[in-house]
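One file, data29.txt, is given below (compact mmCIF, C-alpha atoms).
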```txt
# COMPACT_ATOMS: atom_id res chain seq x y z
CA LEU A 18 25.19 -17.37 29.49
CA GLY A 19 26.69 -17.71 25.99
CA ALA A 20 23.38 -18.81 24.51
CA GLY A 21 21.68 -15.77 26.08
CA TRP A 22 24.07 -13.33 24.40
CA ALA A 23 23.71 -15.16 21.12
CA THR A 24 19.94 -14.74 21.36
CA VAL A 25 20.34 -11.03 22.09
CA GLY A 26 22.66 -10.68 19.10
CA ILE A 27 20.22 -12.48 16.82
CA ALA A 28 17.37 -10.31 18.09
CA PHE A 29 19.32 -7.10 17.42
CA GLY A 30 20.33 -8.38 14.00
CA ALA A 31 16.73 -9.23 13.13
CA ALA A 32 15.59 -5.82 14.36
CA GLY A 33 18.26 -4.15 12.22
CA VAL A 34 17.17 -6.07 9.14
CA PHE A 35 13.56 -5.19 9.87
CA VAL A 36 14.41 -1.47 10.13
CA PHE A 37 16.15 -1.58 6.74
CA VAL A 38 13.57 -3.71 4.94
CA ALA A 39 10.23 -2.63 6.39
CA PRO A 40 9.94 0.88 4.89
CA SER A 41 10.59 -0.27 1.33
CA VAL A 42 8.23 -3.23 1.71
CA VAL A 43 5.54 -0.93 3.09
CA ARG A 44 6.05 1.46 0.15
CA VAL A 45 5.63 -1.32 -2.40
CA GLY A 46 2.61 -2.67 -0.54
CA ALA A 47 0.98 0.75 -0.32
CA ARG A 48 1.56 1.32 -4.03
CA ARG A 49 -0.08 -1.98 -4.95
CA TRP A 50 -2.93 -1.44 -2.49
CA ARG A 51 -3.73 1.98 -3.98
CA TRP A 52 -3.83 0.58 -7.51
CA LEU A 53 -6.00 -2.37 -6.44
CA ARG A 54 -8.55 -0.06 -4.82
CA ALA A 55 -8.75 2.31 -7.81
CA GLY A 56 -12.00 1.42 -9.51
CA ASP A 57 -12.60 4.08 -12.15
CA ASP A 58 -10.65 6.46 -14.36
CA ALA A 59 -10.84 9.37 -11.91
CA HIS A 60 -9.62 7.30 -8.98
CA ARG A 61 -6.79 5.85 -11.09
CA ALA A 62 -5.71 9.36 -12.09
CA HIS A 63 -5.65 10.43 -8.44
CA VAL A 64 -3.65 7.32 -7.50
CA ALA A 65 -1.13 7.91 -10.30
CA TRP A 66 -0.67 11.54 -9.28
CA ARG A 67 -0.30 10.65 -5.60
CA GLU A 68 2.26 7.98 -6.47
CA PHE A 69 4.17 10.50 -8.58
CA ARG A 70 4.20 13.03 -5.76
CA ASP A 71 5.32 10.32 -3.30
CA ASP A 72 8.14 9.43 -5.69
CA LEU A 73 9.18 13.09 -5.81
CA HIS A 74 9.13 13.22 -2.04
CA ASP A 75 11.17 10.01 -1.77
CA LEU A 76 13.77 11.33 -4.21
CA GLY A 77 14.14 14.58 -2.28
CA LEU A 78 12.36 16.74 -4.86
CA GLY A 79 9.67 18.16 -2.62
CA TYR A 80 6.48 19.87 -3.62
CA ALA A 81 3.99 22.17 -1.98
CA PRO A 82 0.62 20.53 -1.32
CA SER A 83 -1.05 23.63 -2.76
CA GLU A 84 0.99 23.48 -5.99
CA PRO A 85 -1.31 22.77 -8.96
CA PRO A 86 -0.49 19.68 -11.05
CA ARG A 87 0.48 21.61 -14.17
CA THR A 88 2.78 23.95 -12.23
CA LEU A 89 4.46 21.04 -10.48
CA ALA A 90 4.86 19.21 -13.77
CA ASP A 91 6.44 22.27 -15.42
CA ARG A 92 8.85 22.70 -12.53
CA VAL A 93 9.86 19.03 -12.37
CA THR A 94 10.21 18.45 -16.11
CA ALA A 95 12.86 21.11 -16.69
CA GLY A 96 15.85 19.11 -17.89
CA LEU A 97 14.14 15.73 -18.21
CA PRO A 98 14.34 13.70 -21.41
CA GLU A 99 11.37 14.08 -23.74
CA PRO A 100 9.60 10.74 -22.98
CA ALA A 101 9.67 11.43 -19.23
CA ARG A 102 8.61 15.05 -19.75
CA GLU A 103 5.58 14.00 -21.78
CA ALA A 104 4.68 11.28 -19.27
CA VAL A 105 4.72 13.79 -16.39
CA ARG A 106 2.56 16.18 -18.40
CA ARG A 107 0.06 13.41 -19.16
CA LEU A 108 -0.10 12.52 -15.45
CA ALA A 109 -0.71 16.16 -14.55
CA LEU A 110 -3.40 16.49 -17.21
CA ALA A 111 -5.11 13.29 -16.02
CA GLU A 112 -5.11 14.61 -12.44
CA GLU A 113 -6.55 17.96 -13.52
CA ARG A 114 -9.25 16.31 -15.59
CA ALA A 115 -10.11 13.91 -12.76
CA SER A 116 -10.38 16.83 -10.35
CA TYR A 117 -12.13 19.45 -12.46
CA ALA A 118 -13.63 18.06 -15.68
CA ALA A 119 -17.04 16.48 -16.08
CA ARG A 120 -15.44 13.32 -17.46
CA PRO A 121 -11.91 12.25 -16.60
CA SER A 122 -9.52 11.13 -19.30
CA GLY A 123 -8.92 7.45 -19.94
CA SER A 124 -6.63 5.67 -17.53
CA ALA A 125 -5.34 2.87 -19.74
CA ASN A 126 -1.77 4.22 -19.92
CA LEU A 127 -1.40 5.82 -16.49
CA LYS A 128 0.76 3.05 -15.02
CA ARG A 129 3.07 3.16 -18.02
CA ASP A 130 3.26 6.97 -17.83
CA LEU A 131 3.98 6.77 -14.10
CA ALA A 132 6.81 4.30 -14.69
CA ALA A 133 8.32 6.52 -17.41
CA ALA A 134 8.01 9.61 -15.21
CA ARG A 135 9.56 7.77 -12.27
CA ARG A 136 12.51 6.61 -14.37
CA GLY A 137 13.05 10.06 -15.84
CA VAL A 138 12.91 11.89 -12.53
CA ALA A 139 15.11 9.26 -10.85
CA SER A 140 17.70 9.66 -13.59
CA SER A 141 17.90 13.37 -12.83
CA VAL A 142 18.97 12.92 -9.20
CA ARG A 143 22.15 11.52 -7.66
CA ARG A 144 22.60 7.79 -7.16
CA SER A 145 22.67 8.26 -3.39
CA SER A 146 19.22 9.89 -3.55
CA ARG A 147 17.87 6.99 -5.59
CA ARG A 148 19.33 4.50 -3.12
CA ARG A 149 17.90 6.39 -0.14
CA ALA A 150 14.50 6.55 -1.85
CA ARG A 151 14.55 2.80 -2.32
CA ILE A 152 15.71 1.88 1.19
CA PHE A 153 14.12 4.64 3.28
CA PRO A 154 11.21 6.13 1.32
CA VAL A 155 10.40 9.42 3.01
CA SER A 156 6.75 9.17 2.01
CA VAL A 157 6.32 6.08 4.22
CA LEU A 158 8.24 7.55 7.12
CA THR A 159 6.22 10.77 6.89
CA ALA A 160 2.96 8.81 6.83
CA VAL A 161 4.03 6.87 9.93
CA ALA A 162 4.99 10.09 11.72
CA ASP A 163 1.67 11.72 10.76
CA GLY A 164 -0.22 8.70 12.04
CA ALA A 165 1.72 8.70 15.29
CA ALA A 166 1.01 12.42 15.74
CA ARG A 167 -2.73 11.74 15.44
CA ILE A 168 -2.74 9.10 18.19
CA PRO A 169 -3.20 11.55 21.12
CA ASP A 170 -6.18 13.18 19.38
CA ARG A 171 -7.81 9.81 18.75
CA VAL A 172 -7.21 8.67 22.31
CA ALA A 173 -8.64 11.94 23.63
CA GLY A 174 -11.68 11.48 21.41
CA LEU A 175 -12.23 7.94 22.64
CA VAL A 176 -11.86 8.99 26.27
CA ALA A 177 -14.29 11.89 25.79
CA ARG A 178 -16.80 9.61 24.07
CA ARG A 179 -16.58 6.99 26.83
CA TRP A 180 -16.86 9.67 29.48
CA SER A 181 -19.98 11.16 27.86
CA GLU A 182 -21.53 7.68 27.48
CA ARG A 183 -20.97 6.93 31.16
CA LYS A 184 -22.27 10.32 32.15
CA SER A 185 -25.44 9.86 30.07
CA MET A 186 -26.06 6.40 31.59
CA SER A 187 -25.90 7.66 35.16
```

Step by step, read the file and then write its structure as structure tokens.
Amino acid sequence: LGAGWATVGIAFGAAGVFVFVAPSVVRVGARRWRWLRAGDDAHRAHVAWREFRDDLHDLGLGYAPSEPPRTLADRVTAGLPEPAREAVRRLALAEERASYAARPSGSANLKRDLAAARRGVASSVRRSSRRRARIFPVSVLTAVADGAARIPDRVAGLVARRWSERKSMS
């Protein structure tokens, strides 16, 4: 009986560690996966802007999905140090050019600009917000919740497709 309770305790401990470690590991993995898949300048600009918006979301500085890059950059950069302010503006400009211009701007410095923007924005929030963003990144938890919310629609689509295939065969 003692070994059984020890096993249960170890299992709960492992589950607790998993709950605290998994979101941050998934965030780092998603970040690397996005950068690995980015093949050209336009895609890299989109990845950098999405990462920046995810960082804002993680730090509790939300944004409206309809907010244009330049407007978001102007709102976020109020009170940031000059290097971070310029980095955010360059990210916004790269995103706008990738979305609307015939040729996107070069992407050689986007990772460096993203790191500078991340540091600058993180320095403007409380330590507890930075810690929460590192341990429980809201962008990952939101993505998981959105994916879970889509499950019933996907199951319904599969059932409808199977039903129509069986109906057409008979």

Point out the residue among A:Ala59, A:Val93, A:Val64, A:Ala101 with the least atom-to-atom distance to A:Pro121, counting all atoms listed in the file.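 The answer is A:Ala59, which sits nearest to A:Pro121.
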
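All residues of protein, DNA or RNA that reach within 9 Å of A:Ser141, judged by all atoms listed in the file and not counting those fewer than 3 positions away in the chain, are A:Gly96, A:Leu97, A:Arg136, A:Gly137, A:Val138.
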
Separation of atom CA of A:Val172 from atom CA of A:Phe153, in Å and rounded to one decimal: 28.9 Å

How many Å lie between atom CA of A:His63 and atom CA of A:Arg148, rounded to one decimal?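 One can read the atom CA of A:His63 to atom CA of A:Arg148 distance as 26.2 Å.
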
Using only C-alpha atoms, I'd like a table of the residues in stretch 50-93 of chain A that come within 9 Å of stretch 125-130 of chain A; for each, show the closest atom pair and its distance in Å rounded to one decimal, ordered by chain and ascending number, as CSV.
```
residue,atom,partner,partner_atom,distance
A:Asp58,CA,A:Ala125,CA,8.4
A:Arg61,CA,A:Leu127,CA,7.6
A:Ala62,CA,A:Leu127,CA,7.1
A:Ala65,CA,A:Leu127,CA,6.5
```

Calculate how many Å separate atom CA of A:Arg51 from atom CA of A:Ala115, rounding to one decimal.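 Result for atom CA of A:Arg51 versus atom CA of A:Ala115: 16.1 Å, one decimal.
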
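Using all atoms listed in the file, the nearest neighbour of A:Asp72 within the list A:Arg44, A:Arg171, A:Arg107, A:Arg178 is A:Arg44.
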
Pull the neighbourhood of (7.8, 19.5, -10.1) for me: all residues within 10 Å in file coordinates, counting all atoms listed in the file, as a short mmCIF file (atom, residue, chain, number, x, y, z; two decimals) with C-alpha atoms, in the frame of the given file.
```cif
data_model
loop_
_atom_site.label_atom_id
_atom_site.label_comp_id
_atom_site.auth_asym_id
_atom_site.auth_seq_id
_atom_site.Cartn_x
_atom_site.Cartn_y
_atom_site.Cartn_z
CA PHE A 69 4.17 10.50 -8.58
CA ARG A 70 4.20 13.03 -5.76
CA LEU A 73 9.18 13.09 -5.81
CA LEU A 78 12.36 16.74 -4.86
CA GLY A 79 9.67 18.16 -2.62
CA TYR A 80 6.48 19.87 -3.62
CA ALA A 81 3.99 22.17 -1.98
CA GLU A 84 0.99 23.48 -5.99
CA PRO A 85 -1.31 22.77 -8.96
CA PRO A 86 -0.49 19.68 -11.05
CA ARG A 87 0.48 21.61 -14.17
CA THR A 88 2.78 23.95 -12.23
CA LEU A 89 4.46 21.04 -10.48
CA ALA A 90 4.86 19.21 -13.77
CA ASP A 91 6.44 22.27 -15.42
CA ARG A 92 8.85 22.70 -12.53
CA VAL A 93 9.86 19.03 -12.37
CA THR A 94 10.21 18.45 -16.11
CA ALA A 95 12.86 21.11 -16.69
CA VAL A 105 4.72 13.79 -16.39
CA VAL A 138 12.91 11.89 -12.53
#
```

Keeping N, CA, C and O atoms (and nothing else), can you write stretch 109-135 of chain A of this structure as an mmCIF file, in the first residue's frame?
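Final output, out.cif:
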```cif
data_model
loop_
_atom_site.group_PDB
_atom_site.id
_atom_site.type_symbol
_atom_site.label_atom_id
_atom_site.label_comp_id
_atom_site.auth_asym_id
_atom_site.auth_seq_id
_atom_site.Cartn_x
_atom_site.Cartn_y
_atom_site.Cartn_z
ATOM 1 N N ALA A 109 7.405 46.994 -37.495
ATOM 2 C CA ALA A 109 6.122 47.416 -38.063
ATOM 3 C C ALA A 109 6.272 47.761 -39.541
ATOM 4 O O ALA A 109 5.430 47.378 -40.366
ATOM 5 N N LEU A 110 7.338 48.461 -39.877
ATOM 6 C CA LEU A 110 7.576 48.817 -41.278
ATOM 7 C C LEU A 110 7.800 47.570 -42.131
ATOM 8 O O LEU A 110 7.282 47.460 -43.239
ATOM 9 N N ALA A 111 8.558 46.613 -41.610
ATOM 10 C CA ALA A 111 8.796 45.367 -42.350
ATOM 11 C C ALA A 111 7.491 44.628 -42.576
ATOM 12 O O ALA A 111 7.256 44.080 -43.670
ATOM 13 N N GLU A 112 6.622 44.599 -41.569
ATOM 14 C CA GLU A 112 5.325 43.929 -41.720
ATOM 15 C C GLU A 112 4.464 44.646 -42.754
ATOM 16 O O GLU A 112 3.832 44.001 -43.600
ATOM 17 N N GLU A 113 4.441 45.968 -42.711
ATOM 18 C CA GLU A 113 3.653 46.711 -43.692
ATOM 19 C C GLU A 113 4.172 46.499 -45.102
ATOM 20 O O GLU A 113 3.390 46.302 -46.029
ATOM 21 N N ARG A 114 5.478 46.523 -45.256
ATOM 22 C CA ARG A 114 6.048 46.311 -46.593
ATOM 23 C C ARG A 114 5.794 44.893 -47.086
ATOM 24 O O ARG A 114 5.535 44.676 -48.260
ATOM 25 N N ALA A 115 5.873 43.917 -46.175
ATOM 26 C CA ALA A 115 5.616 42.528 -46.567
ATOM 27 C C ALA A 115 4.151 42.329 -46.951
ATOM 28 O O ALA A 115 3.842 41.508 -47.819
ATOM 29 N N SER A 116 3.275 43.106 -46.343
ATOM 30 C CA SER A 116 1.846 42.950 -46.621
ATOM 31 C C SER A 116 1.380 43.744 -47.837
ATOM 32 O O SER A 116 0.508 43.291 -48.561
ATOM 33 N N TYR A 117 1.958 44.927 -48.052
ATOM 34 C CA TYR A 117 1.390 45.834 -49.043
ATOM 35 C C TYR A 117 2.317 46.238 -50.180
ATOM 36 O O TYR A 117 1.833 46.667 -51.223
ATOM 37 N N ALA A 118 3.614 46.158 -50.009
ATOM 38 C CA ALA A 118 4.535 46.642 -51.040
ATOM 39 C C ALA A 118 4.807 45.551 -52.076
ATOM 40 O O ALA A 118 4.613 44.360 -51.828
ATOM 41 N N ALA A 119 5.284 45.989 -53.227
ATOM 42 C CA ALA A 119 5.628 45.027 -54.277
ATOM 43 C C ALA A 119 6.818 44.168 -53.856
ATOM 44 O O ALA A 119 6.858 42.969 -54.147
ATOM 45 N N ARG A 120 7.776 44.788 -53.192
ATOM 46 C CA ARG A 120 8.942 44.042 -52.690
ATOM 47 C C ARG A 120 9.088 44.319 -51.196
ATOM 48 O O ARG A 120 9.139 45.485 -50.782
ATOM 49 N N PRO A 121 9.178 43.270 -50.402
ATOM 50 C CA PRO A 121 9.367 43.492 -48.966
ATOM 51 C C PRO A 121 10.774 43.986 -48.674
ATOM 52 O O PRO A 121 11.688 43.846 -49.490
ATOM 53 N N SER A 122 10.941 44.571 -47.510
ATOM 54 C CA SER A 122 12.272 45.024 -47.115
ATOM 55 C C SER A 122 13.116 43.822 -46.716
ATOM 56 O O SER A 122 12.609 42.738 -46.466
ATOM 57 N N GLY A 123 14.428 44.031 -46.649
ATOM 58 C CA GLY A 123 15.339 42.953 -46.280
ATOM 59 C C GLY A 123 15.079 42.464 -44.868
ATOM 60 O O GLY A 123 14.652 43.214 -43.990
ATOM 61 N N SER A 124 15.350 41.192 -44.653
ATOM 62 C CA SER A 124 15.035 40.593 -43.355
ATOM 63 C C SER A 124 16.278 40.199 -42.572
ATOM 64 O O SER A 124 16.188 39.421 -41.637
ATOM 65 N N ALA A 125 17.424 40.755 -42.930
ATOM 66 C CA ALA A 125 18.670 40.350 -42.284
ATOM 67 C C ALA A 125 18.696 40.691 -40.798
ATOM 68 O O ALA A 125 19.279 39.954 -40.007
ATOM 69 N N ASN A 126 18.079 41.775 -40.399
ATOM 70 C CA ASN A 126 18.161 42.229 -39.005
ATOM 71 C C ASN A 126 16.876 42.026 -38.215
ATOM 72 O O ASN A 126 16.750 42.551 -37.102
ATOM 73 N N LEU A 127 15.911 41.294 -38.744
ATOM 74 C CA LEU A 127 14.625 41.173 -38.071
ATOM 75 C C LEU A 127 14.734 40.451 -36.722
ATOM 76 O O LEU A 127 14.088 40.853 -35.754
ATOM 77 N N LYS A 128 15.531 39.408 -36.653
ATOM 78 C CA LYS A 128 15.676 38.698 -35.374
ATOM 79 C C LYS A 128 16.302 39.603 -34.320
ATOM 80 O O LYS A 128 15.884 39.603 -33.162
ATOM 81 N N ARG A 129 17.295 40.376 -34.725
ATOM 82 C CA ARG A 129 17.936 41.291 -33.783
ATOM 83 C C ARG A 129 16.961 42.391 -33.348
ATOM 84 O O ARG A 129 16.892 42.744 -32.167
ATOM 85 N N ASP A 130 16.176 42.910 -34.303
ATOM 86 C CA ASP A 130 15.174 43.917 -33.952
ATOM 87 C C ASP A 130 14.107 43.339 -33.031
ATOM 88 O O ASP A 130 13.663 43.999 -32.093
ATOM 89 N N LEU A 131 13.703 42.099 -33.286
ATOM 90 C CA LEU A 131 12.705 41.464 -32.433
ATOM 91 C C LEU A 131 13.239 41.286 -31.017
ATOM 92 O O LEU A 131 12.524 41.552 -30.047
ATOM 93 N N ALA A 132 14.481 40.886 -30.884
ATOM 94 C CA ALA A 132 15.078 40.717 -29.551
ATOM 95 C C ALA A 132 15.154 42.057 -28.818
ATOM 96 O O ALA A 132 14.835 42.144 -27.626
ATOM 97 N N ALA A 133 15.538 43.122 -29.521
ATOM 98 C CA ALA A 133 15.618 44.445 -28.896
ATOM 99 C C ALA A 133 14.228 44.936 -28.499
ATOM 100 O O ALA A 133 14.041 45.503 -27.411
ATOM 101 N N ALA A 134 13.248 44.716 -29.366
ATOM 102 C CA ALA A 134 11.876 45.119 -29.054
ATOM 103 C C ALA A 134 11.347 44.336 -27.858
ATOM 104 O O ALA A 134 10.714 44.904 -26.965
ATOM 105 N N ARG A 135 11.620 43.044 -27.836
ATOM 106 C CA ARG A 135 11.164 42.200 -26.723
ATOM 107 C C ARG A 135 11.769 42.663 -25.402
ATOM 108 O O ARG A 135 11.065 42.774 -24.399
#
```
